[in-house]
file structure.cif (mmCIF, C-alpha atoms)
data_final
#
loop_
_atom_site.label_atom_id
_atom_site.label_comp_id
_atom_site.auth_asym_id
_atom_site.auth_seq_id
_atom_site.Cartn_x
_atom_site.Cartn_y
_atom_site.Cartn_z
CA MET H 2 19.24 8.93 -70.16
CA LYS H 3 18.14 12.53 -70.38
CA THR H 4 16.67 11.98 -73.83
CA ASN H 5 14.48 9.21 -72.40
CA ILE H 6 13.15 11.17 -69.43
CA PRO H 7 10.15 12.75 -71.26
CA LEU H 8 9.10 9.36 -72.66
CA LEU H 9 9.59 7.44 -69.40
CA VAL H 10 7.87 9.99 -67.16
CA GLY H 11 5.11 10.62 -69.72
CA LEU H 12 4.37 6.88 -69.93
CA ARG H 13 4.43 6.65 -66.12
CA TYR H 14 1.92 9.49 -65.78
CA THR H 15 -0.32 7.88 -68.38
CA ARG H 16 -0.26 4.42 -66.76
CA ALA H 17 -0.42 5.60 -63.17
CA ARG H 18 -3.61 5.17 -61.11
CA ARG H 19 -4.53 8.77 -60.50
CA ARG H 20 -5.91 9.96 -57.22
CA ASN H 21 -7.92 12.62 -59.05
CA HIS H 22 -10.71 10.69 -60.72
CA PHE H 23 -11.90 13.84 -62.46
CA ILE H 24 -8.68 13.93 -64.51
CA SER H 25 -9.15 10.28 -65.44
CA PHE H 26 -12.71 11.01 -66.50
CA ILE H 27 -11.66 13.98 -68.66
CA SER H 28 -8.91 11.88 -70.27
CA LEU H 29 -11.42 9.12 -71.03
CA ILE H 30 -13.89 11.59 -72.51
CA SER H 31 -11.15 13.08 -74.71
CA MET H 32 -10.14 9.63 -75.90
CA LEU H 33 -13.73 8.52 -76.61
CA GLY H 34 -14.56 11.79 -78.37
CA LEU H 35 -11.55 11.43 -80.62
CA MET H 36 -12.38 7.79 -81.28
CA LEU H 37 -16.00 8.55 -82.25
CA GLY H 38 -14.99 11.54 -84.38
CA VAL H 39 -12.46 9.53 -86.37
CA ALA H 40 -14.85 6.57 -86.75
CA VAL H 41 -17.75 8.75 -87.93
CA LEU H 42 -15.54 10.64 -90.37
CA ILE H 43 -14.21 7.42 -91.95
CA THR H 44 -17.70 5.93 -92.17
CA VAL H 45 -19.38 9.01 -93.66
CA LEU H 46 -16.65 9.51 -96.26
CA SER H 47 -16.88 5.83 -97.21
CA VAL H 48 -20.64 6.15 -97.71
CA MET H 49 -20.15 9.25 -99.86
CA ASN H 50 -17.51 7.38 -101.86
CA GLY H 51 -20.08 4.61 -102.35
CA PHE H 52 -22.69 7.04 -103.66
CA ASP H 53 -20.09 8.63 -105.92
CA GLN H 54 -19.12 5.23 -107.31
CA GLU H 55 -22.75 4.23 -107.87
CA LEU H 56 -23.50 7.48 -109.70
CA ARG H 57 -20.35 7.13 -111.78
CA SER H 58 -21.01 3.52 -112.76
CA ARG H 59 -24.70 4.02 -113.50
CA ILE H 60 -24.85 7.43 -115.16
CA LEU H 61 -21.49 7.26 -116.91
CA GLY H 62 -22.25 3.66 -117.78
CA MET H 63 -25.13 4.97 -119.88
CA VAL H 64 -23.65 8.27 -121.02
CA PRO H 65 -20.76 7.93 -123.50
CA HIS H 66 -17.35 8.84 -122.11
CA ALA H 67 -16.71 10.70 -125.36
CA THR H 68 -18.25 11.17 -128.80
CA ILE H 69 -16.81 12.02 -132.19
CA THR H 70 -19.16 13.53 -134.76
CA GLU H 71 -18.77 14.81 -138.30
CA GLN H 72 -20.46 17.80 -139.86
CA GLY H 73 -23.24 16.62 -142.17
CA GLY H 74 -23.21 13.08 -140.79
CA MET H 75 -20.62 10.31 -140.60
CA ARG H 76 -20.86 7.95 -143.59
CA ASP H 77 -17.78 5.77 -143.12
CA TRP H 78 -18.23 5.15 -139.43
CA GLU H 79 -16.87 1.57 -139.64
CA MET H 80 -13.54 2.82 -140.97
CA ILE H 81 -13.41 5.61 -138.38
CA ALA H 82 -14.32 3.17 -135.60
CA GLU H 83 -11.54 0.83 -136.68
CA GLN H 84 -9.02 3.67 -136.66
CA VAL H 85 -10.20 5.04 -133.31
CA ASN H 86 -10.24 1.58 -131.74
CA GLN H 87 -6.51 1.28 -132.28
CA HIS H 88 -5.85 3.94 -129.63
CA GLU H 89 -4.61 2.43 -126.37
CA ASP H 90 -7.11 4.36 -124.23
CA VAL H 91 -10.19 3.25 -126.22
CA ILE H 92 -11.89 0.01 -125.13
CA GLY H 93 -15.17 0.31 -127.05
CA VAL H 94 -16.69 2.09 -130.07
CA ALA H 95 -20.31 2.15 -131.26
CA PRO H 96 -22.28 4.25 -133.78
CA PHE H 97 -25.19 6.41 -132.68
CA ILE H 98 -27.94 8.71 -133.84
CA ASN H 99 -29.33 11.27 -131.40
CA ALA H 100 -32.55 13.27 -131.54
CA GLU H 101 -35.14 14.81 -129.25
CA GLY H 102 -38.83 14.21 -129.58
CA MET H 103 -42.08 13.54 -127.77
CA LEU H 104 -43.55 10.12 -127.07
CA THR H 105 -47.32 9.73 -126.74
CA HIS H 106 -49.43 6.83 -125.56
CA GLN H 107 -53.09 6.80 -124.56
CA GLY H 108 -53.14 10.57 -124.17
CA ASN H 109 -49.93 10.71 -122.13
CA VAL H 110 -47.14 12.86 -123.57
CA LYS H 111 -43.51 12.90 -122.45
CA GLY H 112 -40.37 14.42 -123.91
CA ALA H 113 -37.54 11.97 -124.55
CA LEU H 114 -33.99 11.75 -125.84
CA ILE H 115 -34.08 9.22 -128.67
CA THR H 116 -30.85 7.35 -129.40
CA GLY H 117 -30.38 5.13 -132.40
CA ILE H 118 -28.02 2.27 -131.56
CA ASP H 119 -26.69 -0.96 -133.00
CA PRO H 120 -27.30 -3.64 -130.32
CA GLN H 121 -24.30 -5.55 -131.62
CA TYR H 122 -21.91 -2.72 -130.66
CA GLU H 123 -23.84 -0.94 -127.91
CA THR H 124 -22.79 -3.36 -125.17
CA ASP H 125 -19.17 -2.28 -125.79
CA VAL H 126 -19.87 1.29 -124.64
CA SER H 127 -22.99 1.11 -122.43
CA ILE H 128 -24.44 -0.88 -119.54
CA VAL H 129 -28.03 -0.60 -120.78
CA GLY H 130 -28.01 -4.25 -121.85
CA ASN H 131 -27.25 -5.31 -118.27
CA HIS H 132 -30.22 -3.39 -116.85
CA ILE H 133 -33.09 -4.57 -119.05
CA LYS H 134 -36.04 -5.39 -116.79
CA GLU H 135 -38.40 -6.60 -119.50
CA GLY H 136 -37.76 -7.67 -123.05
CA SER H 137 -34.30 -7.62 -124.57
CA LEU H 138 -31.98 -5.19 -126.30
CA GLU H 139 -31.53 -7.76 -129.08
CA ASP H 140 -35.24 -7.37 -129.91
CA LEU H 141 -34.32 -4.08 -131.57
CA GLU H 142 -34.18 -5.10 -135.22
CA GLY H 143 -33.84 -2.82 -138.20
CA GLY H 144 -37.11 -2.34 -140.10
CA ARG H 145 -39.36 -3.46 -137.24
CA PHE H 146 -39.40 -0.05 -135.52
CA GLY H 147 -39.06 -1.32 -131.97
CA ILE H 148 -38.21 0.92 -129.02
CA VAL H 149 -36.69 0.36 -125.57
CA LEU H 150 -37.92 2.76 -122.89
CA GLY H 151 -36.63 3.79 -119.50
CA GLU H 152 -38.71 2.39 -116.65
CA LEU H 153 -39.96 5.78 -115.39
CA LEU H 154 -40.62 6.94 -118.93
CA ALA H 155 -42.68 3.82 -119.64
CA ARG H 156 -44.56 4.26 -116.37
CA GLN H 157 -45.38 7.90 -117.14
CA LEU H 158 -46.62 6.92 -120.60
CA GLY H 159 -48.52 3.94 -119.23
CA ALA H 160 -46.81 1.68 -121.76
CA ILE H 161 -45.81 -1.98 -121.39
CA ILE H 162 -44.14 -4.53 -123.62
CA GLY H 163 -46.02 -4.85 -126.92
CA ASP H 164 -47.76 -1.46 -126.72
CA LYS H 165 -47.56 1.05 -129.56
CA VAL H 166 -46.16 4.48 -128.78
CA THR H 167 -46.01 7.41 -131.18
CA LEU H 168 -42.86 9.43 -131.67
CA VAL H 169 -43.50 13.08 -132.57
CA LEU H 170 -40.47 14.84 -134.05
CA PRO H 171 -39.95 18.62 -133.92
CA GLU H 172 -40.00 18.79 -137.69
CA ALA H 173 -42.95 19.76 -139.88
CA SER H 174 -43.80 18.22 -143.26
CA LEU H 175 -46.31 19.26 -145.92
CA SER H 176 -49.33 17.08 -146.56
CA PRO H 177 -52.72 17.49 -148.28
CA ALA H 178 -54.09 18.42 -144.86
CA GLY H 179 -51.51 21.16 -144.44
CA VAL H 180 -48.37 21.38 -142.31
CA MET H 181 -48.16 18.34 -140.04
CA PRO H 182 -45.53 17.22 -137.53
CA ARG H 183 -43.63 14.08 -138.39
CA LEU H 184 -45.04 11.04 -136.61
CA LYS H 185 -43.92 7.42 -136.37
CA ARG H 186 -45.35 4.55 -134.37
CA PHE H 187 -42.99 2.26 -132.49
CA THR H 188 -43.58 -1.01 -130.62
CA VAL H 189 -42.22 -1.26 -127.09
CA VAL H 190 -39.84 -4.26 -127.08
CA GLY H 191 -37.91 -3.55 -123.87
CA ILE H 192 -37.83 -1.59 -120.61
CA PHE H 193 -34.60 -0.79 -118.76
CA LYS H 194 -33.84 0.58 -115.31
CA VAL H 195 -30.45 1.90 -114.19
CA GLY H 196 -31.73 3.88 -111.20
CA ALA H 197 -30.85 7.34 -112.51
CA ASP H 198 -32.67 10.27 -114.10
CA LEU H 199 -32.05 8.66 -117.51
CA ASP H 200 -34.85 6.21 -116.67
CA ALA H 201 -37.31 9.09 -117.16
CA SER H 202 -35.90 10.54 -120.38
CA ALA H 203 -34.00 7.97 -122.48
CA ALA H 204 -35.30 5.72 -125.24
CA TYR H 205 -33.45 3.52 -127.73
CA ILE H 206 -34.31 2.52 -131.28
CA HIS H 207 -32.35 0.58 -133.89
CA ILE H 208 -29.83 2.71 -135.74
CA ASN H 209 -31.23 1.68 -139.15
CA ASP H 210 -34.71 2.80 -138.11
CA GLY H 211 -33.20 6.05 -136.85
CA ALA H 212 -31.39 6.65 -140.15
CA ARG H 213 -34.63 6.14 -142.09
CA LEU H 214 -36.62 8.28 -139.67
CA PHE H 215 -34.18 11.17 -139.76
CA ARG H 216 -33.39 10.75 -143.47
CA LEU H 217 -29.69 10.15 -143.00
CA GLY H 218 -29.36 7.40 -145.58
CA ASP H 219 -26.26 5.33 -144.78
CA ALA H 220 -24.85 7.95 -142.39
CA VAL H 221 -24.89 8.19 -138.61
CA HIS H 222 -24.39 11.19 -136.36
CA GLY H 223 -21.13 9.86 -134.94
CA VAL H 224 -19.47 7.23 -132.77
CA ARG H 225 -19.55 6.80 -129.00
CA LEU H 226 -16.37 5.88 -127.14
CA LYS H 227 -15.68 4.04 -123.91
CA LEU H 228 -12.26 4.82 -122.42
CA ASN H 229 -9.95 3.28 -119.85
CA ASP H 230 -9.71 6.52 -117.88
CA LEU H 231 -12.89 8.56 -118.08
CA PHE H 232 -11.17 11.60 -116.54
CA GLU H 233 -8.89 11.74 -119.59
CA ALA H 234 -11.92 11.76 -121.90
CA PRO H 235 -11.74 15.43 -123.03
CA TYR H 236 -8.06 15.17 -123.96
CA VAL H 237 -8.31 11.74 -125.64
CA ALA H 238 -11.43 12.69 -127.64
CA TRP H 239 -9.88 15.94 -128.87
CA ARG H 240 -6.67 14.16 -129.89
CA LEU H 241 -8.57 11.43 -131.76
CA ALA H 242 -10.75 13.96 -133.60
CA SER H 243 -7.67 15.96 -134.57
CA ASP H 244 -5.95 12.89 -136.03
CA LEU H 245 -8.89 11.96 -138.25
CA PRO H 246 -8.97 13.28 -141.83
CA GLY H 247 -11.84 15.74 -142.27
CA ARG H 248 -13.87 18.02 -140.03
CA PHE H 249 -14.64 16.08 -136.87
CA TYR H 250 -15.87 17.34 -133.54
CA ALA H 251 -15.19 15.85 -130.11
CA SER H 252 -17.25 16.01 -126.94
CA SER H 253 -17.14 14.21 -123.60
CA TRP H 254 -19.15 13.46 -120.50
CA VAL H 255 -17.50 16.44 -118.76
CA ARG H 256 -19.60 18.80 -120.84
CA SER H 257 -22.91 17.07 -120.16
CA HIS H 258 -22.49 15.70 -116.61
CA GLY H 259 -19.31 17.29 -115.29
CA ASN H 260 -21.19 19.73 -113.03
CA LEU H 261 -22.94 16.85 -111.25
CA PHE H 262 -19.72 15.14 -110.26
CA GLN H 263 -18.03 18.41 -109.35
CA ALA H 264 -20.96 19.10 -107.02
CA ILE H 265 -20.57 15.65 -105.45
CA GLN H 266 -16.84 16.18 -104.89
CA MET H 267 -17.48 19.63 -103.39
CA GLU H 268 -20.15 18.21 -101.08
CA LYS H 269 -17.77 15.45 -99.98
CA LYS H 270 -15.04 17.97 -99.18
CA MET H 271 -17.38 20.24 -97.21
CA ILE H 272 -18.88 17.40 -95.16
CA GLY H 273 -15.38 16.04 -94.54
CA LEU H 274 -14.26 19.47 -93.34
CA LEU H 275 -17.25 19.81 -91.00
CA LEU H 276 -16.69 16.36 -89.52
CA LEU H 277 -12.99 17.12 -89.16
CA MET H 278 -14.03 20.00 -86.91
CA ILE H 279 -15.66 17.41 -84.62
CA VAL H 280 -12.36 15.55 -84.51
CA ALA H 281 -10.60 18.85 -83.74
CA VAL H 282 -12.97 19.59 -80.82
CA ALA H 283 -12.36 16.11 -79.42
CA ALA H 284 -8.60 16.48 -79.86
CA PHE H 285 -8.51 19.83 -78.11
CA ASN H 286 -10.26 18.34 -75.09
CA ILE H 287 -6.75 17.09 -74.39
CA VAL H 288 -5.88 20.69 -73.57
CA SER H 289 -8.16 20.76 -70.52
CA THR H 290 -6.91 17.33 -69.43
CA LEU H 291 -3.28 18.40 -69.53
CA ILE H 292 -3.88 21.79 -67.89
CA ILE H 293 -5.50 20.04 -64.93
CA MET H 294 -2.65 17.56 -64.88
CA VAL H 295 -0.05 20.33 -64.92
CA THR H 296 -1.79 22.04 -62.00
CA GLU H 297 -1.84 18.78 -60.00
CA LYS H 298 1.79 17.92 -60.78
CA GLN H 299 3.36 21.29 -60.00
CA SER H 300 5.37 19.89 -57.10
CA ASP H 301 6.64 16.98 -59.22
CA ILE H 302 7.64 19.44 -61.93
CA ALA H 303 9.45 21.61 -59.41
CA ILE H 304 11.39 18.61 -58.07
CA LEU H 305 12.41 17.56 -61.57
CA ARG H 306 13.57 21.10 -62.27
CA THR H 307 15.67 21.22 -59.12
CA MET H 308 17.24 17.89 -60.15
CA GLY H 309 18.40 19.47 -63.40
CA ALA H 310 15.54 18.83 -65.84
CA SER H 311 15.37 21.50 -68.51
CA PRO H 312 12.16 23.29 -69.60
CA ALA H 313 12.29 21.28 -72.84
CA THR H 314 12.33 18.05 -70.84
CA ILE H 315 9.30 19.13 -68.79
CA MET H 316 7.53 20.15 -71.96
CA GLY H 317 8.30 16.79 -73.57
CA ILE H 318 6.77 14.88 -70.65
CA PHE H 319 3.32 16.42 -71.16
CA VAL H 320 3.57 16.28 -74.96
CA VAL H 321 4.15 12.52 -74.64
CA GLN H 322 1.24 12.12 -72.25
CA GLY H 323 -1.23 14.08 -74.39
CA PHE H 324 -0.03 12.47 -77.61
CA LEU H 325 -0.57 8.99 -76.11
CA ILE H 326 -4.19 9.89 -75.38
CA GLY H 327 -4.60 11.05 -78.97
CA LEU H 328 -2.80 7.98 -80.33
CA VAL H 329 -5.01 5.52 -78.48
CA GLY H 330 -8.17 7.41 -79.46
CA THR H 331 -7.09 7.59 -83.10
CA LEU H 332 -6.18 3.89 -83.29
CA LEU H 333 -9.48 2.85 -81.72
CA GLY H 334 -11.43 5.26 -83.95
CA THR H 335 -9.65 4.10 -87.09
CA THR H 336 -10.33 0.45 -86.26
CA LEU H 337 -14.00 1.14 -85.50
CA GLY H 338 -14.36 3.34 -88.60
CA VAL H 339 -12.90 0.71 -90.92
CA ILE H 340 -15.17 -1.98 -89.45
CA LEU H 341 -18.25 0.26 -89.84
CA ALA H 342 -17.29 1.28 -93.38
CA LEU H 343 -16.98 -2.38 -94.41
CA THR H 344 -20.24 -3.46 -92.74
CA VAL H 345 -22.52 -0.38 -92.83
CA THR H 346 -24.43 -1.72 -95.86
CA ASP H 347 -25.27 -4.97 -94.05
CA ILE H 348 -25.98 -3.14 -90.78
CA VAL H 349 -28.50 -0.78 -92.41
CA SER H 350 -30.06 -3.68 -94.31
CA GLY H 351 -30.43 -5.62 -91.06
CA ILE H 352 -32.06 -2.63 -89.32
CA GLU H 353 -34.50 -2.26 -92.23
CA SER H 354 -35.44 -5.94 -92.01
CA LEU H 355 -35.71 -5.91 -88.21
CA PHE H 356 -37.94 -2.84 -87.95
CA ASN H 357 -39.64 -3.21 -91.36
CA VAL H 358 -38.57 0.24 -92.55
CA GLN H 359 -36.83 1.49 -95.70
CA PHE H 360 -34.39 4.37 -95.46
CA LEU H 361 -33.80 4.71 -99.21
CA ASN H 362 -36.87 4.30 -101.40
CA GLU H 363 -35.88 3.27 -104.92
CA ASN H 364 -38.79 5.30 -106.27
CA VAL H 365 -37.19 8.44 -104.81
CA TYR H 366 -33.47 7.64 -104.84
CA PHE H 367 -31.55 5.91 -107.59
CA ILE H 368 -30.64 3.00 -105.27
CA SER H 369 -32.47 1.20 -102.47
CA TYR H 370 -29.44 0.40 -100.29
CA LEU H 371 -26.68 2.34 -98.55
CA PRO H 372 -23.45 1.93 -100.52
CA SER H 373 -20.00 2.15 -99.00
CA GLN H 374 -16.54 2.18 -100.52
CA LEU H 375 -13.57 2.29 -98.16
CA ARG H 376 -10.57 4.15 -99.53
CA TRP H 377 -7.36 3.67 -97.61
CA GLU H 378 -6.05 7.08 -98.63
CA ASP H 379 -9.00 8.62 -96.76
CA VAL H 380 -8.24 6.45 -93.71
CA GLY H 381 -4.59 7.51 -93.79
CA PHE H 382 -5.43 11.21 -94.12
CA ILE H 383 -7.98 11.14 -91.29
CA SER H 384 -5.64 9.24 -88.97
CA VAL H 385 -2.71 11.56 -89.63
CA ALA H 386 -4.93 14.64 -89.23
CA ALA H 387 -6.23 13.37 -85.88
CA LEU H 388 -2.69 12.68 -84.64
CA VAL H 389 -1.48 16.11 -85.77
CA LEU H 390 -4.41 17.82 -84.02
CA SER H 391 -3.69 15.80 -80.87
CA LEU H 392 -0.06 16.85 -80.97
CA LEU H 393 -0.97 20.51 -81.44
CA ALA H 394 -3.37 20.29 -78.50
CA THR H 395 -0.51 19.30 -76.18
CA LEU H 396 1.74 22.27 -76.95
CA TYR H 397 0.10 24.98 -74.84
CA PRO H 398 -0.28 22.95 -71.60
CA ALA H 399 3.23 21.56 -72.05
CA TYR H 400 4.57 25.08 -72.56
CA ARG H 401 2.86 26.25 -69.36
CA ALA H 402 4.38 23.32 -67.48
CA SER H 403 7.87 24.24 -68.71
CA LYS H 404 7.46 27.78 -67.33
CA ILE H 405 6.69 26.71 -63.76
CA GLN H 406 9.28 28.08 -61.31
CA PRO H 407 10.45 25.54 -58.65
CA ALA H 408 10.52 28.11 -55.86
CA GLU H 409 6.95 29.23 -56.46
CA ALA H 410 5.66 25.67 -56.81
CA LEU H 411 7.32 24.44 -53.58
CA ARG H 412 6.55 27.53 -51.47
CA TYR H 413 3.50 26.00 -49.74
CA ASP H 414 4.59 22.35 -49.82
#
call {"tool": "encode", "arguments": {"input": "structure.cif", "output": "structure tokens"}}
result
Amino acid sequence: MKTNIPLLVGLRYTRARRRNHFISFISLISMLGLMLGVAVLITVLSVMNGFDQELRSRILGMVPHATITEQGGMRDWEMIAEQVNQHEDVIGVAPFINAEGMLTHQGNVKGALITGIDPQYETDVSIVGNHIKEGSLEDLEGGRFGIVLGELLARQLGAIIGDKVTLVLPEASLSPAGVMPRLKRFTVVGIFKVGADLDASAAYIHINDGARLFRLGDAVHGVRLKLNDLFEAPYVAWRLASDLPGRFYASSWVRSHGNLFQAIQMEKKMIGLLLLMIVAVAAFNIVSTLIIMVTEKQSDIAILRTMGASPATIMGIFVVQGFLIGLVGTLLGTTLGVILALTVTDIVSGIESLFNVQFLNENVYFISYLPSQLRWEDVGFISVAALVLSLLATLYPAYRASKIQPAEALRYD
């Protein structure tokens, strides 16, 4: 029975109707603070996971996971694509031609990254075909010199479907009038919008038009790859390039956009740490609750000691009591946090409709809604951390209770 004394007495103290309402109030505040801290932490991390997922799907849906290029241009890209496509980690291959230039229309000038693509293969490696607002990606036909613009780029140029835009290449050519930049007029056949900075800088032309424009003949700059695991992209691309006969070079999204996602992960960790401090403050409110309880129960402690209870038994009683407060607060907070994480998108949308406001303007942010992605590993970590902090908060008051001397406690009783 001795091993059950801390649990039985701790449960009795927790369930008992206390005469000191101040202690009950402090216990309730500790429980509610822990509940709110856990719920807020789960909700905020879920929202940040949602933003991370949206960025990853939109930006990395447009940017190739990896590219393989060949010095001097890749002439047998079909054969290389067939060989690369046999790798178990590769789920899509498409040829490409890349160049930088300036687009002009009605006096408006904007720099752009021009990508020559084959619409037949591009959907295997990119989501651009799923985000066409006007026109169609299939309207890019070799020899017609059509162009698909990002929505912000088209807006800045003042161009719409059917307009002619002029591509100015950073390459000079001799003419009877002297040295002139290379110019080519394109017809806008499509406008896409993915809700990222690529909307203001990306433009697509047919790969055959790109080969003629950049005087590549039958060659392309390389092939773009879509992989099963994008975080393995640097390793897979390097291994594929090494296995190919000839001088091939590999690159991946980590080089071009890795810093962005590292910054997002760092921001998530820092915000999680700051919010965990709120949980810690709420958990350590248990300290004040238990210290007051120990002071009130000195005579009870003294009687238990005189009946043979050891200091460890006394310590266990208050550890159980404080841990139960933390357990209830954590369970309630976890339940509330999971519910909020699963419904926060609808809740924010309802508030926007009710009060006719918009928290996320799609002209400023890349999305117009609040995303949320609940990850159970985050829920598990937060719950365990809250329980551990609650347990640690009980140790000092419980230790003080175990050091109470029966004679001193009963002197004035």
call {"tool": "closest_residue", "arguments": {"input": "structure.cif", "among": "H:Thr167, H:Thr124, H:Thr188, H:Ser384", "to": "Val149 of chain H", "atoms": "only C-alpha atoms"}}
result
H:Thr188
call {"tool": "residues_around", "arguments": {"input": "structure.cif", "residues": "Thr68 of chain H", "least_positions_apart": "3", "cutoff": "6 Å", "atoms": "all atoms listed in the file", "output": "list of chain:residue names"}}
result
H:Val224, H:Arg225, H:Leu226, H:Ala251, H:Ser252
call {"tool": "closest_residue", "arguments": {"input": "structure.cif", "among": "H:Pro372, H:Gly351, H:Pro398, H:Gly163", "to": "Val321 of chain H", "atoms": "all atoms listed in the file"}}
result
H:Pro398
call {"tool": "resolve_selection", "arguments": {"input": "structure.cif", "expression": "the PyMOL selection byres ((chain H and resi 260-267) around 10)", "output": "short mmCIF file (atom, residue, chain, number, x, y, z; two decimals) with C-alpha atoms, in the coordinates of the input"}}
result
data_model
loop_
_atom_site.label_atom_id
_atom_site.label_comp_id
_atom_site.auth_asym_id
_atom_site.auth_seq_id
_atom_site.Cartn_x
_atom_site.Cartn_y
_atom_site.Cartn_z
CA MET H 49 -20.15 9.25 -99.86
CA ASN H 50 -17.51 7.38 -101.86
CA PHE H 52 -22.69 7.04 -103.66
CA ASP H 53 -20.09 8.63 -105.92
CA LEU H 56 -23.50 7.48 -109.70
CA ARG H 57 -20.35 7.13 -111.78
CA TRP H 254 -19.15 13.46 -120.50
CA VAL H 255 -17.50 16.44 -118.76
CA ARG H 256 -19.60 18.80 -120.84
CA SER H 257 -22.91 17.07 -120.16
CA HIS H 258 -22.49 15.70 -116.61
CA GLY H 259 -19.31 17.29 -115.29
CA GLU H 268 -20.15 18.21 -101.08
CA LYS H 269 -17.77 15.45 -99.98
CA LYS H 270 -15.04 17.97 -99.18
CA MET H 271 -17.38 20.24 -97.21
CA ILE H 272 -18.88 17.40 -95.16
CA GLY H 273 -15.38 16.04 -94.54
#
call {"tool": "residues_around", "arguments": {"input": "structure.cif", "residues": "Ala281 of chain H", "least_positions_apart": "3", "cutoff": "8 Å", "atoms": "all atoms listed in the file", "output": "PyMOL selection string"}}
result
chain H and resi 277-278+284-285+387+390
call {"tool": "closest_residue", "arguments": {"input": "structure.cif", "among": "H:Ala402, H:Ile326, H:Met103, H:Val110", "to": "Asn286 of chain H", "atoms": "all atoms listed in the file"}}
result
H:Ile326
call {"tool": "atom_distance", "arguments": {"input": "structure.cif", "atom1": "atom CA of Ile27 of chain H", "atom2": "atom CA of Leu291 of chain H"}}
result
9.5 Å
call {"tool": "residues_around", "arguments": {"input": "structure.cif", "residues": "segment 242-246 of chain H", "least_positions_apart": "2", "cutoff": "9 Å", "atoms": "all atoms listed in the file", "output": "PyMOL selection string"}}
result
chain H and resi 69-70+81+84-85+237-240+248-251
call {"tool": "axis_aligned_box", "arguments": {"input": "structure.cif", "around": "segment 37-54 of chain H", "padding_each_side": "8 Å", "output": "AutoDock Vina command-line options"}}
result
--center_x -17.6 --center_y 8.1 --center_z -94.8 --size_x 26.2 --size_y 22.9 --size_z 41.1
call {"tool": "closest_residue", "arguments": {"input": "structure.cif", "among": "H:Val166, H:Gly112, H:Gly191, H:Gly117", "to": "Ser137 of chain H", "atoms": "all atoms listed in the file"}}
result
H:Gly191
call {"tool": "atom_distance", "arguments": {"input": "structure.cif", "atom1": "atom CA of Ile162 of chain H", "atom2": "atom CA of Pro96 of chain H"}}
result
25.7 Å
call {"tool": "resolve_selection", "arguments": {"input": "structure.cif", "expression": "the PyMOL selection byres ((chain H and resi 136) around 8)", "output": "list in words"}}
result
Ile133, Lys134, Glu135, Ser137, Leu138, Asp140, Ile162, Val190, Gly191 and Ile192 of chain H
call {"tool": "closest_residue", "arguments": {"input": "structure.cif", "among": "H:Ile383, H:Leu333, H:Val345, H:Ile128", "to": "Thr44 of chain H", "atoms": "all atoms listed in the file"}}
result
H:Val345
call {"tool": "atom_distance", "arguments": {"input": "structure.cif", "atom1": "atom CA of Gln322 of chain H", "atom2": "atom CA of Ile43 of chain H"}}
result
25.5 Å
call {"tool": "resolve_selection", "arguments": {"input": "structure.cif", "expression": "the PyMOL selection byres ((chain H and resi 122) around 10)", "output": "ChimeraX atom specification"}}
result
/H:93-97,118-121,123-127,225
call {"tool": "residues_around", "arguments": {"input": "structure.cif", "residues": "Val320 of chain H", "least_positions_apart": "2", "cutoff": "10 Å", "atoms": "all atoms listed in the file", "output": "list of chain:residue names"}}
result
H:Pro7, H:Leu8, H:Gly11, H:Leu291, H:Thr314, H:Ile315, H:Met316, H:Gly317, H:Ile318, H:Gln322, H:Gly323, H:Phe324, H:Leu325, H:Ser391, H:Leu392, H:Leu393, H:Ala394, H:Thr395, H:Leu396, H:Tyr397, H:Pro398, H:Ala399, H:Tyr400
call {"tool": "closest_residue", "arguments": {"input": "structure.cif", "among": "H:Met32, H:Ile206, H:Val295, H:Val41", "to": "Gly147 of chain H", "atoms": "all atoms listed in the file"}}
result
H:Ile206
call {"tool": "residues_around", "arguments": {"input": "structure.cif", "residues": "Leu170 of chain H", "least_positions_apart": "5", "cutoff": "9 Å", "atoms": "only C-alpha atoms", "output": "list in words"}}
result
Ala100, Glu101, Gly102, Met103, Leu104, Pro182, Arg183, Leu184 and Lys185 of chain H
call {"tool": "write_last_selection", "arguments": {"input": "structure.cif", "atoms": "C-alpha atoms", "output": "PDB file, in the frame of the given file"}}
result
ATOM      1  CA  ALA H 100     -32.550  13.270-131.540  1.00  0.00           C
ATOM      2  CA  GLU H 101     -35.140  14.810-129.250  1.00  0.00           C
ATOM      3  CA  GLY H 102     -38.830  14.210-129.580  1.00  0.00           C
ATOM      4  CA  MET H 103     -42.080  13.540-127.770  1.00  0.00           C
ATOM      5  CA  LEU H 104     -43.550  10.120-127.070  1.00  0.00           C
ATOM      6  CA  PRO H 182     -45.530  17.220-137.530  1.00  0.00           C
ATOM      7  CA  ARG H 183     -43.630  14.080-138.390  1.00  0.00           C
ATOM      8  CA  LEU H 184     -45.040  11.040-136.610  1.00  0.00           C
ATOM      9  CA  LYS H 185     -43.920   7.420-136.370  1.00  0.00           C
TER      10      LYS H 185
END
call {"tool": "decode", "arguments": {"input": "structure.cif", "residues": "segment 394-405 of chain H", "atoms": "C-alpha atoms", "output": "short mmCIF file (atom, residue, chain, number, x, y, z; two decimals), in the first residue's frame"}}
result
data_model
loop_
_atom_site.label_atom_id
_atom_site.label_comp_id
_atom_site.auth_asym_id
_atom_site.auth_seq_id
_atom_site.Cartn_x
_atom_site.Cartn_y
_atom_site.Cartn_z
CA ALA H 394 7.52 22.56 -12.03
CA THR H 395 6.38 20.18 -9.27
CA LEU H 396 9.85 19.19 -8.07
CA TYR H 397 10.79 22.22 -5.97
CA PRO H 398 7.49 22.52 -4.01
CA ALA H 399 7.43 18.76 -3.52
CA TYR H 400 11.01 18.85 -2.25
CA ARG H 401 10.12 21.60 0.23
CA ALA H 402 7.17 19.53 1.45
CA SER H 403 9.42 16.52 2.04
CA LYS H 404 11.71 18.62 4.26
CA ILE H 405 8.98 19.73 6.67
#
